[in-house]
$ cat start-v5.csv   # CSV, C-alpha atoms and all ligand atoms
chain,number,residue,atom,x,y,z
A,1,MET,CA,-21.0,-6.8,-32.9
A,2,SER,CA,-22.5,-9.9,-34.6
A,3,THR,CA,-25.6,-11.5,-33.0
A,4,LYS,CA,-23.5,-14.7,-32.5
A,5,GLU,CA,-20.6,-13.0,-30.8
A,6,VAL,CA,-20.0,-14.4,-27.3
A,7,ILE,CA,-19.6,-11.8,-24.5
A,8,ASP,CA,-17.1,-13.4,-22.2
A,9,LEU,CA,-17.3,-11.7,-18.8
A,10,ARG,CA,-15.9,-14.6,-16.8
A,11,SER,CA,-12.5,-13.0,-16.2
A,12,ASP,CA,-10.0,-10.5,-17.5
A,13,THR,CA,-7.7,-13.5,-18.0
A,14,VAL,CA,-9.5,-14.2,-21.2
A,15,THR,CA,-8.0,-11.2,-23.0
A,16,LEU,CA,-6.0,-12.0,-26.1
A,17,PRO,CA,-2.7,-10.3,-26.9
A,18,THR,CA,-2.8,-7.2,-29.1
A,19,GLU,CA,-1.3,-7.3,-32.7
A,20,GLU,CA,1.5,-5.1,-31.4
A,21,MET,CA,2.3,-7.7,-28.7
A,22,LEU,CA,2.3,-10.5,-31.3
A,23,GLU,CA,4.7,-8.5,-33.4
A,24,ALA,CA,6.9,-7.8,-30.4
A,25,ILE,CA,7.1,-11.5,-29.6
A,26,ARG,CA,8.1,-12.2,-33.2
A,27,HIS,CA,11.0,-9.7,-33.1
A,28,ALA,CA,12.1,-10.1,-29.4
A,29,GLU,CA,15.8,-10.4,-28.8
A,30,LEU,CA,16.3,-13.7,-26.9
A,31,GLY,CA,18.8,-15.5,-24.8
A,32,ASP,CA,18.9,-18.1,-22.0
A,33,ASP,CA,17.2,-16.5,-19.0
A,34,VAL,CA,18.4,-19.1,-16.5
A,35,PHE,CA,21.9,-17.7,-17.4
A,36,GLY,CA,20.5,-14.2,-17.0
A,37,GLU,CA,21.1,-13.7,-20.7
A,38,ASP,CA,17.7,-12.8,-22.2
A,39,PRO,CA,17.9,-9.1,-22.9
A,40,THR,CA,14.1,-8.8,-23.2
A,41,VAL,CA,13.5,-10.4,-19.9
A,42,ASN,CA,16.2,-8.2,-18.3
A,43,ARG,CA,14.6,-5.1,-19.7
A,44,LEU,CA,11.1,-6.0,-18.5
A,45,GLU,CA,12.4,-6.8,-15.0
A,46,GLU,CA,14.2,-3.5,-14.8
A,47,MET,CA,11.1,-1.6,-16.1
A,48,ALA,CA,8.9,-3.4,-13.5
A,49,ALA,CA,11.3,-2.6,-10.6
A,50,ASP,CA,11.5,1.0,-11.7
A,51,LYS,CA,7.8,1.4,-12.1
A,52,MET,CA,7.1,-0.1,-8.6
A,53,GLY,CA,9.9,1.9,-6.9
A,54,LYS,CA,11.7,-1.3,-5.8
A,55,GLU,CA,15.3,-2.6,-6.4
A,56,ALA,CA,14.6,-5.6,-8.5
A,57,ALA,CA,12.0,-7.8,-10.2
A,58,LEU,CA,11.5,-11.4,-11.5
A,59,LEU,CA,9.3,-12.6,-14.3
A,60,VAL,CA,7.4,-15.8,-13.3
A,61,THR,CA,4.9,-17.9,-15.2
A,62,SER,CA,1.6,-17.0,-13.4
A,63,GLY,CA,0.1,-15.2,-10.5
A,64,THR,CA,-0.1,-18.4,-8.5
A,65,GLN,CA,3.6,-19.1,-9.0
A,66,ALA,CA,4.3,-15.4,-8.1
A,67,ASN,CA,2.5,-15.8,-4.8
A,68,LEU,CA,4.1,-19.2,-4.0
A,69,VAL,CA,7.6,-17.9,-4.8
A,70,SER,CA,7.0,-14.8,-2.7
A,71,LEU,CA,5.6,-16.7,0.3
A,72,MET,CA,8.6,-19.0,0.3
A,73,SER,CA,11.0,-16.1,-0.2
A,74,ASN,CA,9.5,-14.2,2.7
A,75,THR,CA,9.3,-17.0,5.3
A,76,ARG,CA,10.6,-20.3,6.5
A,77,ARG,CA,8.6,-23.5,6.8
A,78,GLY,CA,6.4,-23.8,9.9
A,79,GLU,CA,5.8,-20.0,10.2
A,80,LEU,CA,2.4,-18.3,10.3
A,81,VAL,CA,1.1,-16.0,7.6
A,82,ILE,CA,-1.7,-13.6,8.3
A,83,LEU,CA,-4.0,-13.1,5.3
A,84,GLU,CA,-7.5,-11.9,4.5
A,85,ALA,CA,-10.0,-14.7,4.8
A,86,GLU,CA,-11.2,-14.4,1.1
A,87,ALA,CA,-7.7,-14.1,-0.3
A,88,HIS,CA,-7.0,-15.7,-3.7
A,89,MET,CA,-3.9,-17.3,-2.1
A,90,TYR,CA,-6.2,-19.0,0.5
A,91,TRP,CA,-9.0,-20.0,-1.8
A,92,TYR,CA,-7.7,-20.8,-5.3
A,93,GLU,CA,-4.1,-21.7,-5.2
A,94,VAL,CA,-4.5,-25.4,-4.5
A,95,GLY,CA,-3.3,-25.0,-0.9
A,96,GLY,CA,0.3,-24.4,-2.1
A,97,ILE,CA,0.8,-22.1,0.9
A,98,SER,CA,0.6,-25.2,3.2
A,99,ALA,CA,1.3,-28.1,0.8
A,100,ILE,CA,4.5,-26.6,-0.8
A,101,ALA,CA,5.5,-23.6,1.3
A,102,GLY,CA,4.8,-25.4,4.6
A,103,LEU,CA,3.1,-22.4,6.2
A,104,LEU,CA,0.1,-22.0,8.4
A,105,PRO,CA,-2.3,-19.5,6.9
A,106,TRP,CA,-4.1,-17.5,9.5
A,107,PRO,CA,-7.2,-16.0,7.9
A,108,VAL,CA,-8.7,-12.7,9.2
A,109,ARG,CA,-12.1,-11.6,8.1
A,110,SER,CA,-12.7,-8.1,6.7
A,111,GLN,CA,-15.8,-6.3,5.4
A,112,HIS,CA,-14.6,-5.2,2.0
A,113,GLY,CA,-11.2,-6.9,1.6
A,114,ALA,CA,-9.1,-4.4,3.6
A,115,LEU,CA,-7.8,-5.9,6.8
A,116,ASP,CA,-8.6,-3.9,9.9
A,117,PRO,CA,-5.2,-3.1,11.6
A,118,LYS,CA,-6.8,-3.9,15.0
A,119,ASP,CA,-7.7,-7.4,13.8
A,120,VAL,CA,-4.2,-7.9,12.5
A,121,GLU,CA,-2.8,-6.8,15.8
A,122,THR,CA,-5.0,-9.4,17.5
A,123,ALA,CA,-3.9,-12.1,15.1
A,124,ILE,CA,-0.3,-11.5,16.1
A,125,ARG,CA,-0.3,-13.4,19.4
A,126,PRO,CA,2.4,-12.9,22.0
A,127,LYS,CA,5.4,-15.2,21.8
A,128,ASN,CA,4.5,-18.6,23.3
A,129,ILE,CA,6.1,-22.0,23.0
A,130,HIS,CA,2.8,-23.4,21.6
A,131,PHE,CA,2.4,-20.9,18.7
A,132,PRO,CA,4.0,-20.9,15.3
A,133,GLU,CA,6.1,-17.8,14.6
A,134,PRO,CA,4.1,-15.1,12.6
A,135,THR,CA,6.4,-13.6,10.0
A,136,LEU,CA,4.3,-12.3,7.1
A,137,ILE,CA,1.1,-10.4,6.5
A,138,CYS,CA,-0.5,-10.6,3.0
A,139,ILE,CA,-2.9,-8.2,1.4
A,140,GLU,CA,-4.6,-8.4,-2.0
A,141,ASN,CA,-5.2,-5.4,-4.2
A,142,THR,CA,-7.6,-5.2,-5.9
A,143,HIS,CA,-9.4,-7.9,-4.0
A,144,ASN,CA,-10.9,-10.5,-6.3
A,145,ARG,CA,-13.5,-12.2,-4.0
A,146,HIS,CA,-14.5,-8.8,-2.7
A,147,GLY,CA,-15.5,-7.7,-6.2
A,148,GLY,CA,-12.4,-5.9,-7.3
A,149,ALA,CA,-12.3,-3.7,-4.1
A,150,ILE,CA,-9.4,-1.3,-3.7
A,151,ILE,CA,-7.2,-1.4,-0.6
A,152,THR,CA,-6.3,2.3,-0.4
A,153,PRO,CA,-2.7,3.5,0.2
A,154,LYS,CA,-3.9,4.8,3.6
A,155,GLN,CA,-5.3,1.4,4.5
A,156,ILE,CA,-2.0,-0.3,3.4
A,157,ARG,CA,0.0,2.1,5.4
A,158,ALA,CA,-2.0,1.3,8.6
A,159,ILE,CA,-1.3,-2.4,8.1
A,160,SER,CA,2.3,-1.7,7.4
A,161,ASP,CA,2.6,0.2,10.7
A,162,VAL,CA,1.4,-2.9,12.5
A,163,ALA,CA,3.7,-5.1,10.6
A,164,LYS,CA,6.7,-2.9,11.4
A,165,ALA,CA,5.8,-2.6,15.0
A,166,HIS,CA,5.9,-6.4,15.3
A,167,GLY,CA,8.8,-7.1,12.9
A,168,LEU,CA,6.6,-8.8,10.3
A,169,ARG,CA,7.0,-8.3,6.6
A,170,LEU,CA,4.1,-7.1,4.4
A,171,TYR,CA,3.5,-8.6,1.0
A,172,MET,CA,0.9,-7.5,-1.6
A,173,ASP,CA,-0.8,-9.8,-4.1
A,174,GLY,CA,-1.1,-7.0,-6.6
A,175,ALA,CA,-2.4,-9.1,-9.4
A,176,ARG,CA,-4.6,-6.1,-10.4
A,177,VAL,CA,-2.8,-3.3,-8.6
A,178,PHE,CA,-2.8,-1.2,-11.7
A,179,ASN,CA,-6.6,-1.2,-11.7
A,180,ALA,CA,-6.4,0.2,-8.2
A,181,ALA,CA,-3.9,2.9,-9.2
A,182,VAL,CA,-5.9,3.9,-12.3
A,183,ALA,CA,-9.2,4.0,-10.4
A,184,LEU,CA,-7.8,6.3,-7.7
A,185,LYS,CA,-5.8,8.3,-10.3
A,186,VAL,CA,-2.6,7.9,-8.4
A,187,ASP,CA,0.8,6.5,-9.2
A,188,VAL,CA,1.1,2.8,-8.4
A,189,GLN,CA,4.0,3.6,-6.0
A,190,GLU,CA,1.5,5.1,-3.6
A,191,PHE,CA,0.5,1.5,-3.1
A,192,THR,CA,3.8,-0.2,-3.3
A,193,ARG,CA,5.8,2.1,-1.0
A,194,HIS,CA,4.1,0.6,2.1
A,195,VAL,CA,4.8,-3.0,1.3
A,196,ASP,CA,8.1,-4.9,1.4
A,197,ASN,CA,7.4,-6.8,-1.8
A,198,LEU,CA,4.6,-7.6,-4.2
A,199,MET,CA,3.6,-9.2,-7.4
A,200,PHE,CA,1.5,-8.0,-10.3
A,201,CYS,CA,0.0,-9.9,-13.3
A,202,LEU,CA,0.7,-9.2,-16.9
A,203,SER,CA,-1.9,-11.7,-18.1
A,204,LYS,CA,-5.1,-10.1,-16.7
A,205,GLY,CA,-6.4,-6.7,-17.6
A,206,LEU,CA,-3.0,-5.8,-19.2
A,207,SER,CA,-3.8,-8.4,-21.9
A,208,CYS,CA,-0.5,-10.3,-22.1
A,209,PRO,CA,-0.8,-14.0,-22.9
A,210,VAL,CA,1.4,-15.2,-20.0
A,211,GLY,CA,3.2,-14.0,-16.9
A,212,SER,CA,3.4,-12.2,-13.6
A,213,VAL,CA,6.2,-10.2,-12.0
A,214,VAL,CA,7.5,-10.4,-8.4
A,215,VAL,CA,9.1,-7.1,-7.2
A,216,GLY,CA,11.1,-6.3,-4.1
A,217,THR,CA,14.6,-5.8,-2.7
A,218,ARG,CA,17.6,-7.2,-4.6
A,219,GLU,CA,18.2,-9.7,-1.8
A,220,PHE,CA,14.6,-10.8,-1.9
A,221,ILE,CA,14.6,-11.2,-5.7
A,222,ASP,CA,17.8,-13.2,-5.6
A,223,LYS,CA,16.2,-15.6,-3.2
A,224,ALA,CA,13.0,-15.6,-5.3
A,225,ARG,CA,15.0,-16.5,-8.4
A,226,LYS,CA,16.4,-19.6,-6.8
A,227,ILE,CA,13.0,-20.6,-5.4
A,228,ARG,CA,11.4,-20.1,-8.9
A,229,LYS,CA,14.1,-22.6,-10.2
A,230,VAL,CA,13.3,-25.2,-7.6
A,231,LEU,CA,9.6,-24.9,-8.5
A,232,GLY,CA,10.5,-25.6,-12.2
A,233,GLY,CA,9.9,-22.0,-13.2
A,234,GLY,CA,13.3,-21.3,-14.6
A,235,MET,CA,12.6,-20.4,-18.3
A,236,ARG,CA,15.0,-20.2,-21.2
A,237,GLN,CA,14.1,-17.9,-24.1
A,238,ALA,CA,11.5,-16.2,-21.9
A,239,GLY,CA,11.8,-13.0,-23.9
A,240,ILE,CA,8.8,-14.2,-25.9
A,241,ILE,CA,6.8,-13.7,-22.7
A,242,ALA,CA,8.6,-10.6,-21.6
A,243,ALA,CA,8.2,-8.8,-24.9
A,244,PRO,CA,4.4,-8.3,-24.6
A,245,GLY,CA,5.0,-7.5,-20.9
A,246,ILE,CA,7.0,-4.5,-21.9
A,247,ILE,CA,4.2,-3.3,-24.2
A,248,ALA,CA,1.7,-3.9,-21.3
A,249,LEU,CA,3.7,-1.6,-19.0
A,250,GLU,CA,4.2,1.1,-21.7
A,251,LYS,CA,0.7,1.1,-23.2
A,252,MET,CA,-2.0,-1.0,-21.5
A,253,ILE,CA,-2.3,0.6,-18.1
A,254,ASP,CA,-4.2,3.8,-18.8
A,255,ARG,CA,-6.9,2.0,-20.8
A,256,LEU,CA,-8.0,0.1,-17.7
A,257,GLU,CA,-10.1,3.1,-17.0
A,258,GLU,CA,-12.4,2.1,-19.9
A,259,ASP,CA,-13.0,-1.3,-18.2
A,260,HIS,CA,-13.9,0.5,-14.9
A,261,ARG,CA,-16.4,2.7,-16.8
A,262,ASN,CA,-17.9,-0.3,-18.4
A,263,ALA,CA,-18.2,-2.2,-15.1
A,264,LYS,CA,-20.0,0.8,-13.5
A,265,ARG,CA,-22.4,1.0,-16.4
A,266,LEU,CA,-23.0,-2.7,-16.2
A,267,ALA,CA,-23.7,-2.5,-12.4
A,268,GLU,CA,-26.1,0.4,-12.8
A,269,GLY,CA,-28.0,-1.5,-15.5
A,270,LEU,CA,-28.2,-4.7,-13.4
A,271,ALA,CA,-29.3,-2.8,-10.3
A,272,LYS,CA,-32.5,-1.9,-12.1
A,273,ILE,CA,-33.4,-5.6,-12.8
A,274,GLU,CA,-36.0,-7.3,-10.5
A,275,GLY,CA,-34.6,-10.3,-8.6
A,276,ILE,CA,-31.0,-9.0,-8.7
A,277,SER,CA,-29.2,-7.1,-6.1
A,278,VAL,CA,-26.0,-5.1,-6.6
A,279,ASN,CA,-24.1,-3.0,-4.1
A,280,LEU,CA,-23.0,-0.2,-6.4
A,281,ASP,CA,-20.6,1.2,-3.7
A,282,VAL,CA,-18.3,-1.8,-4.0
A,283,VAL,CA,-18.0,-1.6,-7.8
A,284,GLN,CA,-14.7,0.2,-7.8
A,285,THR,CA,-12.7,-1.3,-10.7
A,286,ASN,CA,-13.5,-3.9,-13.4
A,287,MET,CA,-15.6,-6.4,-11.5
A,288,VAL,CA,-19.3,-6.6,-10.8
A,289,LEU,CA,-20.7,-9.0,-8.1
A,290,PHE,CA,-24.4,-9.4,-7.9
A,291,ASP,CA,-26.8,-11.5,-5.8
A,292,VAL,CA,-29.4,-13.7,-7.6
A,293,SER,CA,-31.0,-15.2,-4.5
A,294,GLY,CA,-34.1,-13.2,-5.3
A,295,LEU,CA,-34.7,-15.4,-8.3
A,296,GLY,CA,-35.0,-18.6,-6.3
A,297,VAL,CA,-33.3,-20.8,-8.9
A,298,ALA,CA,-30.0,-22.7,-8.9
A,299,ASP,CA,-27.0,-20.7,-10.0
A,300,GLU,CA,-26.2,-23.3,-12.7
A,301,LEU,CA,-29.6,-22.7,-14.3
A,302,PHE,CA,-29.1,-18.9,-14.2
A,303,LEU,CA,-25.6,-19.2,-15.8
A,304,SER,CA,-26.8,-21.6,-18.4
A,305,LYS,CA,-29.6,-19.2,-19.4
A,306,LEU,CA,-27.0,-16.5,-19.9
A,307,LYS,CA,-24.8,-18.8,-21.9
A,308,GLU,CA,-27.7,-19.8,-24.2
A,309,ASN,CA,-27.9,-16.1,-25.0
A,310,GLY,CA,-24.2,-15.5,-25.5
A,311,VAL,CA,-23.1,-14.2,-22.1
A,312,LEU,CA,-20.5,-16.1,-20.1
A,313,ALA,CA,-20.3,-15.5,-16.3
A,314,LEU,CA,-19.0,-17.3,-13.2
A,315,THR,CA,-20.3,-17.6,-9.6
A,316,ASN,CA,-17.9,-17.0,-6.7
A,317,ALA,CA,-20.3,-18.2,-4.0
A,318,LYS,CA,-23.8,-19.5,-3.8
A,319,ASN,CA,-26.1,-17.0,-5.5
A,320,LYS,CA,-23.2,-14.6,-6.2
A,321,VAL,CA,-22.5,-14.0,-9.8
A,322,ARG,CA,-19.3,-12.3,-11.0
A,323,LEU,CA,-18.8,-10.4,-14.2
A,324,VAL,CA,-15.5,-8.9,-15.2
A,325,THR,CA,-14.9,-6.2,-17.9
A,326,HIS,CA,-11.7,-6.2,-20.0
A,327,ARG,CA,-10.2,-5.2,-23.3
A,328,GLY,CA,-12.5,-6.4,-26.1
A,329,ILE,CA,-15.6,-5.6,-24.1
A,330,GLU,CA,-17.1,-2.5,-25.5
A,331,LYS,CA,-20.1,-0.3,-24.5
A,332,GLU,CA,-22.4,-2.3,-26.9
A,333,HIS,CA,-21.4,-5.6,-25.2
A,334,ILE,CA,-22.4,-4.1,-21.9
A,335,GLU,CA,-25.8,-3.0,-23.2
A,336,LYS,CA,-26.3,-6.5,-24.7
A,337,ALA,CA,-25.2,-8.2,-21.5
A,338,ILE,CA,-27.7,-6.2,-19.4
A,339,ALA,CA,-30.5,-7.1,-21.8
A,340,VAL,CA,-29.5,-10.8,-21.7
A,341,VAL,CA,-29.5,-10.8,-17.9
A,342,GLU,CA,-32.9,-9.0,-17.9
A,343,SER,CA,-34.6,-11.5,-20.2
A,344,ALA,CA,-33.0,-14.4,-18.4
A,345,THR,CA,-34.4,-13.2,-15.0
A,346,LYS,CA,-37.8,-12.6,-16.6
A,347,ALA,CA,-37.9,-16.1,-18.1
A,348,LEU,CA,-36.7,-17.7,-14.8
A,349,ARG,CA,-39.2,-15.8,-12.7
A,350,SER,CA,-42.1,-16.8,-14.9
A,351,GLN,CA,-41.1,-20.5,-14.3
A,352,CYS,CA,-41.1,-20.2,-10.5
B,1,LIG,C1,-5.8,-11.7,-6.8
B,1,LIG,C2,-5.3,-12.8,-7.6
B,1,LIG,N1,-4.1,-13.3,-7.3
B,1,LIG,C3,-3.5,-14.3,-8.0
B,1,LIG,C4,-4.2,-14.9,-9.1
B,1,LIG,C5,-3.5,-16.0,-9.8
B,1,LIG,O1,-3.1,-15.7,-11.1
B,1,LIG,P1,-2.9,-16.9,-12.1
B,1,LIG,O2,-4.3,-17.3,-12.6
B,1,LIG,O3,-2.1,-16.3,-13.2
B,1,LIG,O4,-2.2,-18.0,-11.5
B,1,LIG,C6,-5.4,-14.4,-9.5
B,1,LIG,C7,-6.1,-14.9,-10.6
B,1,LIG,O5,-7.2,-14.6,-11.0
B,1,LIG,C8,-6.0,-13.3,-8.7
B,1,LIG,O6,-7.2,-12.8,-9.0
$ encode --input "start-v5.csv" --output "structure tokens"
Amino acid sequence: MSTKEVIDLRSDTVTLPTEEMLEAIRHAELGDDVFGEDPTVNRLEEMAADKMGKEAALLVTSGTQANLVSLMSNTRRGELVILEAEAHMYWYEVGGISAIAGLLPWPVRSQHGALDPKDVETAIRPKNIHFPEPTLICIENTHNRHGGAIITPKQIRAISDVAKAHGLRLYMDGARVFNAAVALKVDVQEFTRHVDNLMFCLSKGLSCPVGSVVVGTREFIDKARKIRKVLGGGMRQAGIIAAPGIIALEKMIDRLEEDHRNAKRLAEGLAKIEGISVNLDVVQTNMVLFDVSGLGVADELFLSKLKENGVLALTNAKNKVRLVTHRGIEKEHIEKAIAVVESATKALRSQC
């Protein structure tokens, strides 16, 4: 590692494709995917459906598009969608849930990202002429704003029971569901079997340059394909996106464990630094959230001190800094990042 190297811990979306992915793009067999004729896309979609234990899958451009397509394929305009109050769909997807899908999001608070089935039950109000019809419950796994927290198969099942009892569908924003499966050392189908449909991202920890995949029943995916088209997401020789996706599914899942190990080490190192507080129990996958209110300085100042010393980070709320580990971040980067945070906090404390 050179002294000038930037350690980018803003997100796992910054990962670059591997050499093998670039080669696969170069040699991908292509066709027009709007006509269903791109063999590489068809192969990826079959692999994804198979891996998730569902009937069919659809390659889309991004996680945001996957969520929007799924919302619209699961509901009709004017209906009510129950979701966790810190959900990515609610916070960061430009309000597409209302502006485009025409839905009423009904946020329910949770402690660590997992909805309490009792709170979901309460949110499903009895039929009444005044109320919009609730038709969908959304969960997020792992949960981004809750620091990469895992929603366990048992927790999903409990929510699924409520959904079934009331005739609602259950959808999982599984952008990082492979992180959850790897961390718990279980097959990803332990998570997917309890939801009607889901999406996962290729372009996060799995290192692909572009793409997410929506997975569900054949009927749901047929509908999703049409909705993707109306949203301008029908792609032509999309095999150049699917080719690295195939490599991701074959080779990039197991290595997520390395990212989790690095996140743990990072969190343990940060926990020893004065002025910083980290809840080690919630560091379950590849994210570390820590509180810098003890430093008594503006977040921008703290982040700029890190940046001056080659570490990039983001905040996700006032005084809450987020670091994300991913492919390309090695043990030595973790040690350097801890040292940079320590010296930044010392410098800032001495200014106060
Ligand atoms: C949980 C979750 N869902 C959806 C998305 C959206 O993905 P994209 O940035 O590909 O639109 C993200 C992005 O970080 C995410 O963390």
$ closest_residue --input "start-v5.csv" --among "A:Thr75, A:Asn316, A:Ser98, A:Asn42" --to "ligand LIG 1 (chain B)" --atoms "all atoms listed in the file"
A:Asn316
$ residues_around --input "start-v5.csv" --residues "A:Ile246" --least-positions-apart "6" --cutoff "12 Å" --atoms "only C-alpha atoms" --output "PyMOL selection string"
chain A and resi 20-21+24-25+28+39-48+51+59+202+206-208+211-213+239-240+252-253
$ residues_around --input "start-v5.csv" --residues "stretch 170-180 of chain A" --least-positions-apart "2" --cutoff "7 Å" --atoms "all atoms listed in the file" --output "list in words"
Gly63, Asn67, Leu136, Ile137, Cys138, Ile139, Glu140, Asn141, Thr142, Ile150, Ser160, Ala163, Leu168, Val182, Ala183, Leu184, Val188, Val195, Asp196, Asn197, Leu198, Met199, Phe200, Cys201, Ile253, Leu256 and Thr285 of chain A
$ residues_around --input "start-v5.csv" --residues "A:Pro153" --least-positions-apart "5" --cutoff "8 Å" --atoms "all atoms listed in the file" --output "VMD selection string"
chain A and resid 190 to 191 194
$ residues_around --input "start-v5.csv" --residues "A:Asp222" --least-positions-apart "2" --cutoff "12 Å" --atoms "all atoms listed in the file" --output "list of chain:residue names"
A:Gly36, A:Glu55, A:Ala56, A:Ala57, A:Leu58, A:Val69, A:Ser70, A:Ser73, A:Asn74, A:Val214, A:Val215, A:Gly216, A:Thr217, A:Arg218, A:Glu219, A:Phe220, A:Ala224, A:Arg225, A:Lys226, A:Ile227, A:Arg228, A:Lys229
$ closest_residue --input "start-v5.csv" --among "A:Asn286, A:Asn319, A:Gln189, A:Thr135" --to "ligand LIG 1 (chain B)" --atoms "only C-alpha atoms and all ligand atoms"
A:Asn286
$ residues_around --input "start-v5.csv" --residues "A:Glu342" --least-positions-apart "2" --cutoff "12 Å" --atoms "all atoms listed in the file" --output "PyMOL selection string"
chain A and resi 266+269-276+292+295+302+305-306+309+311+335-340+344-349
$ write_last_selection --input "start-v5.csv" --atoms "C-alpha atoms" --output "compact mmCIF listing (two decimals), in the frame of the given file"
# COMPACT_ATOMS: atom_id res chain seq x y z
CA LEU A 266 -23.00 -2.70 -16.20
CA GLY A 269 -28.00 -1.50 -15.50
CA LEU A 270 -28.20 -4.70 -13.40
CA ALA A 271 -29.30 -2.80 -10.30
CA LYS A 272 -32.50 -1.90 -12.10
CA ILE A 273 -33.40 -5.60 -12.80
CA GLU A 274 -36.00 -7.30 -10.50
CA GLY A 275 -34.60 -10.30 -8.60
CA ILE A 276 -31.00 -9.00 -8.70
CA VAL A 292 -29.40 -13.70 -7.60
CA LEU A 295 -34.70 -15.40 -8.30
CA PHE A 302 -29.10 -18.90 -14.20
CA LYS A 305 -29.60 -19.20 -19.40
CA LEU A 306 -27.00 -16.50 -19.90
CA ASN A 309 -27.90 -16.10 -25.00
CA VAL A 311 -23.10 -14.20 -22.10
CA GLU A 335 -25.80 -3.00 -23.20
CA LYS A 336 -26.30 -6.50 -24.70
CA ALA A 337 -25.20 -8.20 -21.50
CA ILE A 338 -27.70 -6.20 -19.40
CA ALA A 339 -30.50 -7.10 -21.80
CA VAL A 340 -29.50 -10.80 -21.70
CA ALA A 344 -33.00 -14.40 -18.40
CA THR A 345 -34.40 -13.20 -15.00
CA LYS A 346 -37.80 -12.60 -16.60
CA ALA A 347 -37.90 -16.10 -18.10
CA LEU A 348 -36.70 -17.70 -14.80
CA ARG A 349 -39.20 -15.80 -12.70
$ residues_near_point --input "start-v5.csv" --point "(-27.3, -17.9, -2.3)" --cutoff "12 Å" --atoms "all atoms listed in the file" --output "list in words"
Ile276, Ser277, Phe290, Asp291, Val292, Ser293, Gly294, Leu295, Gly296, Val297, Ala298, Asp299, Glu300, Thr315, Asn316, Ala317, Lys318, Asn319, Lys320 and Val321 of chain A
$ write_last_selection --input "start-v5.csv" --atoms "C-alpha atoms" --output "PDB file, in the coordinates of the input"
ATOM      1  CA  ILE A 276     -31.000  -9.000  -8.700  1.00  0.00           C
ATOM      2  CA  SER A 277     -29.200  -7.100  -6.100  1.00  0.00           C
ATOM      3  CA  PHE A 290     -24.400  -9.400  -7.900  1.00  0.00           C
ATOM      4  CA  ASP A 291     -26.800 -11.500  -5.800  1.00  0.00           C
ATOM      5  CA  VAL A 292     -29.400 -13.700  -7.600  1.00  0.00           C
ATOM      6  CA  SER A 293     -31.000 -15.200  -4.500  1.00  0.00           C
ATOM      7  CA  GLY A 294     -34.100 -13.200  -5.300  1.00  0.00           C
ATOM      8  CA  LEU A 295     -34.700 -15.400  -8.300  1.00  0.00           C
ATOM      9  CA  GLY A 296     -35.000 -18.600  -6.300  1.00  0.00           C
ATOM     10  CA  VAL A 297     -33.300 -20.800  -8.900  1.00  0.00           C
ATOM     11  CA  ALA A 298     -30.000 -22.700  -8.900  1.00  0.00           C
ATOM     12  CA  ASP A 299     -27.000 -20.700 -10.000  1.00  0.00           C
ATOM     13  CA  GLU A 300     -26.200 -23.300 -12.700  1.00  0.00           C
ATOM     14  CA  THR A 315     -20.300 -17.600  -9.600  1.00  0.00           C
ATOM     15  CA  ASN A 316     -17.900 -17.000  -6.700  1.00  0.00           C
ATOM     16  CA  ALA A 317     -20.300 -18.200  -4.000  1.00  0.00           C
ATOM     17  CA  LYS A 318     -23.800 -19.500  -3.800  1.00  0.00           C
ATOM     18  CA  ASN A 319     -26.100 -17.000  -5.500  1.00  0.00           C
ATOM     19  CA  LYS A 320     -23.200 -14.600  -6.200  1.00  0.00           C
ATOM     20  CA  VAL A 321     -22.500 -14.000  -9.800  1.00  0.00           C
TER      21      VAL A 321
END
